[in-house]
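Have a look at the structure below, then the notes.
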Amino acid sequence: MSKLLLLFFFTIALTFAHSQSVKGIIYESETSAKRILISNKTQNIKTYSDNEGFFAITANVKDTLIFGSLFHENKSIVLQLEHFEETMIIELNKVINKLNEVLISNEPVVKEFEAKAYTTKVNNQIKEDIKRRPYLYAPPSSGNLDFIAIAKLIGKLFKRKKPKHETSYLVEKINYDDLKSLFESDSFFNPNLLHNELQIPKDYKYLFYEYCETKELDKILLKKENNFLLLDAFMTANQEFLQILEEHKKD
């Protein structure tokens, strides 16, 4: 029994003799380094420094301690006897991010002009405009009216129109395309009525459509049951339009 007790105390004493604690402080530049990982690689033991940079870890002589973090370069130290006799001072270096060199040019990137694509785009725009306003691309046969001046005058009438804020609902208005389609396809409002009854010269029918659009006629007038009301509106518009033609005769 006594031999067993002696063996037990000898084993404990031997264990304490080899299991010691090493202490120290970790800093970076001129300030302490907190939450630094301290790893005893030999014994597979880990701990962290506190907010003041202090640490303590179980170790033996010849154990290898590794200090580091995501923001610091790792430092490795093999413990010697003197490390247990004093407070260790560990200095760590911060990790410096080395970015690849990026060349920045102040010169703007100039997109190459695509002449063919630009020409095609412009030609398509002109074709669409010719369909809508052919009178601007073919001079009238009469030759005794200032055609351009009349077109500009009608353009100004469009600019004068302002939205009526007092209207509580949106009213659809008759536009140029509605009128063009009407006189080309309707059995009553046909070219004969336009030129003979309303007395609109053939070369100026498109200008008349433009002028009527400035009158902002309600689209409901296009219904068959409102033919008489629409005709009355055309009769009023044609008198004004013919007056404009009279005023813009060339000398």
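In the structure tokens, chains take the letters A, B, ... in the order shown, each chain's residues start at 1, and ligands count up from 1 in the order shown.
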Quiz item: Residues at most 7 Å from Ile38 (chain A), counting only C-alpha atoms, excluding those fewer than 2 positions away in the same chain, as a list in words?
Solution: Ile36, Asn40, Lys46, Thr47, Tyr48, Leu65, Ile66, Phe67 and Gly68 of chain A
Please produce a file of the residues just selected, as a short mmCIF file (atom, residue, chain, number, x, y, z; two decimals), in the first residue's frame, where the atoms kept are N, CA and C atoms.
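Final file, out-v9.cif:
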```
data_model
loop_
_atom_site.label_atom_id
_atom_site.label_comp_id
_atom_site.auth_asym_id
_atom_site.auth_seq_id
_atom_site.Cartn_x
_atom_site.Cartn_y
_atom_site.Cartn_z
N ILE A 36 -5.46 37.61 -29.97
CA ILE A 36 -4.47 36.91 -30.80
C ILE A 36 -4.48 35.43 -30.40
N ASN A 40 -0.12 26.08 -28.76
CA ASN A 40 1.00 25.22 -28.40
C ASN A 40 0.96 24.03 -29.35
N LYS A 46 -4.65 25.56 -27.15
CA LYS A 46 -4.87 26.89 -27.72
C LYS A 46 -5.47 27.83 -26.69
N THR A 47 -5.16 29.12 -26.85
CA THR A 47 -5.77 30.15 -26.03
C THR A 47 -5.69 31.47 -26.79
N TYR A 48 -6.27 32.53 -26.21
CA TYR A 48 -6.27 33.85 -26.86
C TYR A 48 -5.77 34.91 -25.89
N LEU A 65 5.41 27.40 -29.66
CA LEU A 65 4.23 28.27 -29.60
C LEU A 65 4.12 29.05 -30.91
N ILE A 66 2.89 29.16 -31.40
CA ILE A 66 2.63 29.93 -32.63
C ILE A 66 1.64 31.04 -32.31
N PHE A 67 1.99 32.27 -32.66
CA PHE A 67 1.15 33.45 -32.42
C PHE A 67 0.68 34.00 -33.77
N GLY A 68 -0.59 34.37 -33.84
CA GLY A 68 -1.07 34.94 -35.10
C GLY A 68 -2.56 35.19 -35.12
#
```
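Contact shell of Val78 (chain A) at 10 Å (only C-alpha atoms; same-chain neighbours under 4 positions omitted): A:Asn40, A:Lys41, A:Thr42, A:Asn60, A:Val61, A:Lys62, A:Asp63, A:Thr64, A:Leu65, A:Ile66, A:His83.
Residue nearest Thr58 (chain A), chosen from A:Leu37, A:Leu179, A:Ile90, A:Val22 and counting only C-alpha atoms: A:Val22.
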